[in-house]
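Enquirer: First, the structure itself, so that you have it in front of you.
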Number of protein chains: 4
Amino acid sequence: MFKIDPSSYVPIYEQIKKEIKLKIALGILEANDPLPSIRELSSELILNPNTIARAYRELEMEGFIFSKKGIGCYVSRRSSTLIKKERLKILDGIFKEAIEKAKKYQLNSNEMKKLFEKNLAEMKKSDKQGENK
Amino acid sequence: MFKIDPSSYVPIYEQIKKEIKLKIALGILEANDPLPSIRELSSELILNPNTIARAYRELEMEGFIFSKKGIGCYVSRRSSTLIKKERLKILDGIFKEAIEKAKKYQLNSNEMKKLFEKNLAEMKKSDKQGENK
Amino acid sequence: MFKIDPSSYVPIYEQIKKEIKLKIALGILEANDPLPSIRELSSELILNPNTIARAYRELEMEGFIFSKKGIGCYVSRRSSTLIKKERLKILDGIFKEAIEKAKKYQLNSNEMKKLFEKNLAEMKKSDKQGENK
Amino acid sequence: MFKIDPSSYVPIYEQIKKEIKLKIALGILEANDPLPSIRELSSELILNPNTIARAYRELEMEGFIFSKKGIGCYVSRRSSTLIKKERLKILDGIFKEAIEKAKKYQLNSNEMKKLFEKNLAEMKKSDKQGENK
DNA sequence: GTGGTCTAGACCACC
DNA sequence: GTGGTCTAGACCACA
């Protein structure tokens with residue numbers, strides 16, 4: 001389903017939450033779709049069930065999913081509304097953060113623009129190579 | 001001297017290390033310059049001295065600084081050489097990472113460009129306001 | 001027949017037991033009356049048959065009902081005697097409990113009275129609306 | 001500090017949350033007051049630290065408290081505002097629930113009133129006896 | 001010492 | 001089988 005980086009500073013349950021939110025944001029998971037069961041996902045990711053359970057519980061508290069005892073966890077109807085707001089915040093945050101970091105390294109806005117566009121071009125290039133493979 | 005984000009997942013000692021490396025990269029700290037004393041920095045950042053000590057210890061192990069017992073810590077001569085390699089990696093990584101994250105959220109390159117420039121413009125704006133204060 | 005609250009901490013089989021005891025206490029179910037079949041009730045309440053079966057099993061153990069294998073469950077003759085004791089306890093307990101809880105929140109008896117009467121009035125109001133539907 | 005009922009259907013972490021919210025509602029705990037440490041409370045209540053940690057974590061997510069790594073947990077400034085809203089809901093819910101239960105047992109509003117006032121009188125009586133002891 | 005995360009594994013309610 | 005709670009105990013970051 002997705003990958004987890006156990007060496008990251010970001011807690012594993014937080015990584016799981018993000019990945020599921022991402023799937024909702026991309027429409028891969030839609031309202032009433034079932035999530036993988038806690039045990040299933042825990043054995044797939046080689047994690048303790050409690051870690052998955054915590055991620056699911058917090059997603060439920062935030063309104064993205066709902067759980068039925070003995071049945072499973074499902075994407076909530078409100079999830080698409082909730083995720084739209086988060087998506088914008090996240091995306092905005094991504095670039096804001098990058099710009100702030102670059103600013104710390106005393107790059108001026110022109111240098112940032114250059115560097116950004118260089119990286120963008122590189123990404124496009126490697127994407128095309130990926131397609132041709 | 002600099003700011004720390006206690007709510008970040010990045011450990012505080014790691015944030016301190018980054019900030020000091022940054023200062024070396026920018027030439028604010030040069031070879032043989034003294035670092036703020038552990039006590040000084042800990043009271044300024046309202047952190048436990050042990051946290052600062054750990055950051056300094058690891059910077060010493062990586063060769064960026066050296067310590068004189070009972071006197072203080074100083075920027076090493078090798079630091080500027082060491083930092084140059086890191087700086088390039090970091091700068092390049094900043095936008096690469098941002099682009100990759102945005103790509104996960106299925107932003108195409110045009111949308112990324114727009115969002116990047118929007119945030120760049122906002123940064124400039126808030127900088128000017130800061131200057132006028 | 002009755003409602004179940006799946007989000008309550010009280011187990012569902014316990015809620016079912018209470019509802020059936022209630023029906024006996026109110027004389028809606030009398031000695032030798034048949035209970036709804038497990039299948040019937042489980043499809044009506046959208047619950048697993050096992051959950052209903054457990055409620056019935058415990059009611060039988062407590063003497064309120066008896067079951068004929070392959071036929072169904074029936075209200076026992078002793079049920080009305082058994083229920084009378086429970087009913088008094090329960091009714092008295094309802095308000096005693098409410099008052100104790102409110103006392104914890106340092107409501108004095110006047111405030112409790114006010115709040116009680118406010119809620120009583122609201123109930124009456126919503127009942128009338130229900131009738132006019 | 002308070003008691004927990006391990007046999008209750010209400011989960012222990014939920015009971016702990018309620019008790020702390022109660023203490024905030026009553027002004028026993030005020031903004032910036034420290035909460036007992038997780039280990040302290042867990043050994044006092046003879047519970048696993050994880051159970052306390054979960055209660056504290058959820059209280060933090062709901063904005064009632066904040067935690068500082070390596071230092072402790074403290075009542076938040078917003079807590080008093082947040083608790084006021086909850087307190088009203090809780091108190092209203094207590095009587096609403098009691099009335100609904102009594103209604104199920106086909107008590108009419110006059111009977112409810114009588115029973116309520118009887119229990120209120122009993123409470124007052126037992127309170128006075130408690131004082132004289 | 002503090003809180004935070006994670007694992008391992010138990011029991012429960014429910015399907 | 002499912003999710004939910006709880007225990008026991010480890011390791012980490014931080015004071």
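In the structure tokens, each chain is lettered A, B, ... as it comes, each chain's residues begin at 1, and ligands are numbered from 1 in order of appearance.
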So which residues touch segment 106-117 of chain B within 12 Å, counting only C-alpha atoms (C1' of nucleotides), skipping near sequence neighbours fewer than 2 positions away, as a PyMOL selection string?
Expert: (chain A and resi 22-23+25-28+87-100+109-110+112-125+127) or (chain B and resi 95-96+98-104+119-124)
Enquirer: May I have the residues from that selection written out with N, CA and C atoms, as a compact mmCIF listing (two decimals), in the first residue's frame?
Expert:
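The resulting file, selection-v3.txt, is reproduced below:
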# COMPACT_ATOMS: atom_id res chain seq x y z
N LEU A 22 -3.13 11.42 2.08
CA LEU A 22 -2.72 11.63 0.69
C LEU A 22 -3.61 10.83 -0.25
N LYS A 23 -3.84 9.59 0.10
CA LYS A 23 -4.67 8.73 -0.76
C LYS A 23 -6.09 9.30 -0.87
N ALA A 25 -6.78 12.54 -0.56
CA ALA A 25 -6.65 13.77 -1.35
C ALA A 25 -6.57 13.46 -2.85
N LEU A 26 -5.94 12.34 -3.18
CA LEU A 26 -5.77 11.98 -4.59
C LEU A 26 -6.98 11.23 -5.13
N GLY A 27 -7.95 10.98 -4.28
CA GLY A 27 -9.14 10.25 -4.75
C GLY A 27 -8.93 8.75 -4.85
N ILE A 28 -7.76 8.27 -4.41
CA ILE A 28 -7.52 6.82 -4.42
C ILE A 28 -8.43 6.15 -3.38
N ARG A 87 -5.10 19.97 2.28
CA ARG A 87 -4.26 19.90 1.09
C ARG A 87 -3.66 21.26 0.77
N LEU A 88 -4.52 22.27 0.78
CA LEU A 88 -4.04 23.62 0.47
C LEU A 88 -3.00 24.07 1.48
N LYS A 89 -3.30 23.85 2.75
CA LYS A 89 -2.36 24.20 3.81
C LYS A 89 -1.03 23.49 3.60
N ILE A 90 -1.11 22.20 3.34
CA ILE A 90 0.10 21.40 3.20
C ILE A 90 0.93 21.90 2.03
N LEU A 91 0.28 22.05 0.88
CA LEU A 91 1.01 22.47 -0.32
C LEU A 91 1.62 23.85 -0.12
N ASP A 92 0.83 24.75 0.44
CA ASP A 92 1.36 26.07 0.71
C ASP A 92 2.56 25.98 1.64
N GLY A 93 2.41 25.13 2.65
CA GLY A 93 3.47 24.96 3.63
C GLY A 93 4.76 24.44 3.01
N ILE A 94 4.62 23.53 2.07
CA ILE A 94 5.79 22.93 1.43
C ILE A 94 6.70 24.00 0.83
N PHE A 95 6.11 24.89 0.06
CA PHE A 95 6.93 25.90 -0.63
C PHE A 95 7.36 27.01 0.32
N LYS A 96 6.47 27.34 1.24
CA LYS A 96 6.82 28.37 2.21
C LYS A 96 8.07 27.94 2.98
N GLU A 97 8.04 26.69 3.41
CA GLU A 97 9.15 26.14 4.18
C GLU A 97 10.44 26.14 3.36
N ALA A 98 10.31 25.70 2.11
CA ALA A 98 11.49 25.63 1.25
C ALA A 98 12.08 27.03 1.07
N ILE A 99 11.21 27.99 0.85
CA ILE A 99 11.69 29.36 0.64
C ILE A 99 12.37 29.88 1.90
N GLU A 100 11.78 29.59 3.04
CA GLU A 100 12.38 30.05 4.29
C GLU A 100 13.76 29.43 4.52
N SER A 109 15.79 36.13 -4.06
CA SER A 109 14.64 35.52 -4.74
C SER A 109 14.99 35.10 -6.17
N ASN A 110 15.89 35.80 -6.79
CA ASN A 110 16.29 35.37 -8.14
C ASN A 110 17.02 34.03 -8.12
N MET A 112 16.74 31.81 -5.85
CA MET A 112 15.76 30.78 -5.51
C MET A 112 15.01 30.33 -6.76
N LYS A 113 14.58 31.32 -7.52
CA LYS A 113 13.80 31.03 -8.73
C LYS A 113 14.61 30.13 -9.66
N LYS A 114 15.86 30.52 -9.86
CA LYS A 114 16.73 29.72 -10.73
C LYS A 114 16.84 28.30 -10.24
N LEU A 115 17.14 28.18 -8.95
CA LEU A 115 17.35 26.86 -8.36
C LEU A 115 16.06 26.03 -8.44
N PHE A 116 14.96 26.68 -8.16
CA PHE A 116 13.67 25.99 -8.22
C PHE A 116 13.42 25.48 -9.62
N GLU A 117 13.64 26.36 -10.60
CA GLU A 117 13.34 25.96 -11.98
C GLU A 117 14.32 24.91 -12.48
N LYS A 118 15.54 25.00 -12.01
CA LYS A 118 16.51 23.95 -12.36
C LYS A 118 16.00 22.60 -11.86
N ASN A 119 15.59 22.57 -10.61
CA ASN A 119 15.11 21.31 -10.03
C ASN A 119 13.83 20.82 -10.71
N LEU A 120 12.98 21.80 -11.07
CA LEU A 120 11.74 21.44 -11.75
C LEU A 120 12.06 20.78 -13.09
N ALA A 121 13.02 21.38 -13.80
CA ALA A 121 13.41 20.85 -15.11
C ALA A 121 13.99 19.44 -14.95
N GLU A 122 14.82 19.28 -13.92
CA GLU A 122 15.41 17.96 -13.69
C GLU A 122 14.34 16.91 -13.41
N MET A 123 13.33 17.34 -12.65
CA MET A 123 12.25 16.40 -12.33
C MET A 123 11.54 15.98 -13.61
N LYS A 124 11.22 16.96 -14.43
CA LYS A 124 10.54 16.64 -15.69
C LYS A 124 11.34 15.65 -16.51
N LYS A 125 12.64 15.94 -16.57
CA LYS A 125 13.54 15.09 -17.35
C LYS A 125 13.50 13.64 -16.85
N ASP A 127 11.29 12.27 -15.11
CA ASP A 127 9.97 11.69 -15.30
C ASP A 127 9.86 11.07 -16.69
N PHE B 95 14.77 22.48 -2.65
CA PHE B 95 13.71 22.57 -3.65
C PHE B 95 13.36 21.22 -4.25
N LYS B 96 14.37 20.38 -4.35
CA LYS B 96 14.11 19.05 -4.86
C LYS B 96 13.06 18.35 -3.98
N ALA B 98 10.93 19.78 -1.93
CA ALA B 98 9.65 20.46 -2.01
C ALA B 98 8.90 20.00 -3.25
N ILE B 99 9.62 19.92 -4.35
CA ILE B 99 8.98 19.51 -5.61
C ILE B 99 8.48 18.08 -5.51
N GLU B 100 9.27 17.23 -4.90
CA GLU B 100 8.84 15.84 -4.76
C GLU B 100 7.59 15.71 -3.90
N LYS B 101 7.57 16.47 -2.82
CA LYS B 101 6.38 16.44 -1.95
C LYS B 101 5.16 16.91 -2.73
N ALA B 102 5.32 18.03 -3.44
CA ALA B 102 4.19 18.59 -4.18
C ALA B 102 3.73 17.61 -5.26
N LYS B 103 4.70 16.92 -5.83
CA LYS B 103 4.37 15.94 -6.87
C LYS B 103 3.51 14.81 -6.30
N LYS B 104 3.81 14.43 -5.08
CA LYS B 104 2.99 13.41 -4.42
C LYS B 104 1.54 13.83 -4.40
N ASN B 119 4.24 32.17 -2.97
CA ASN B 119 4.88 32.18 -1.66
C ASN B 119 6.12 33.08 -1.64
N LEU B 120 6.79 33.15 -2.79
CA LEU B 120 7.97 34.02 -2.88
C LEU B 120 7.53 35.48 -2.73
N ALA B 121 6.44 35.80 -3.41
CA ALA B 121 5.92 37.17 -3.35
C ALA B 121 5.50 37.51 -1.92
N GLU B 122 4.85 36.55 -1.27
CA GLU B 122 4.42 36.78 0.12
C GLU B 122 5.61 37.01 1.03
N MET B 123 6.68 36.26 0.78
CA MET B 123 7.87 36.41 1.60
C MET B 123 8.45 37.82 1.43
N LYS B 124 8.55 38.23 0.18
CA LYS B 124 9.09 39.58 -0.08
C LYS B 124 8.28 40.64 0.63
Enquirer: Mind running a least-squares superposition of chain B onto chain D over all the C-alpha atoms, in order, and reading off the RMSD?
Expert: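 Once chain B is overlaid on chain D, the RMSD is 1.2 Å.
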Enquirer: Compute the chain A side of the contact with chain C at 10 Å, counting only C-alpha atoms, and hand it back as a list in words.
Expert: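 Taking only C-alpha atoms into account, Lys68, Lys69 and Gly70 of chain A sit within 10 Å of chain C.
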Enquirer: Save out the residues we just selected, C-alpha atoms, as a PDB file, in the first residue's frame.
Expert:
ATOM      1  CA  LYS A  68     -17.102  -0.166  13.221  1.00  0.00           C
ATOM      2  CA  LYS A  69     -16.179  -2.683  15.872  1.00  0.00           C
ATOM      3  CA  GLY A  70     -15.776  -6.118  14.477  1.00  0.00           C
TER       4      GLY A  70
END
Enquirer: Would you mind writing down, as number ranges by chain, each residue of segment 52-99 of chain B that DSSP on the backbone assigns to strand (DSSP E)?
Expert: B: 65-68, 72-75
Enquirer: Do a neighbour search on Asn32 of chain C at 9 Å with only C-alpha atoms (C1' of nucleotides), toss out local chain neighbours closer than 2 positions, and write the hits as a list in words.
Expert: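 Those residues are Leu29, Glu30, Pro34, Ile65, Phe66, Cys73, Tyr74, Val75, Ser76 and Arg77 of chain C.
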Enquirer: Residues of chain E within 10 Å of chain D, counting only C-alpha atoms (C1' of nucleotides) - could you list those as a PyMOL selection string?
Expert: chain E and resi 1-4
Enquirer: Determine which residues of chain D receive a DSSP assignment of helix (DSSP H, G or I), computed from the backbone, and state them as a PyMOL selection string.
Expert: chain D and resi 12-25+38-44+49-61+79-104+109-132
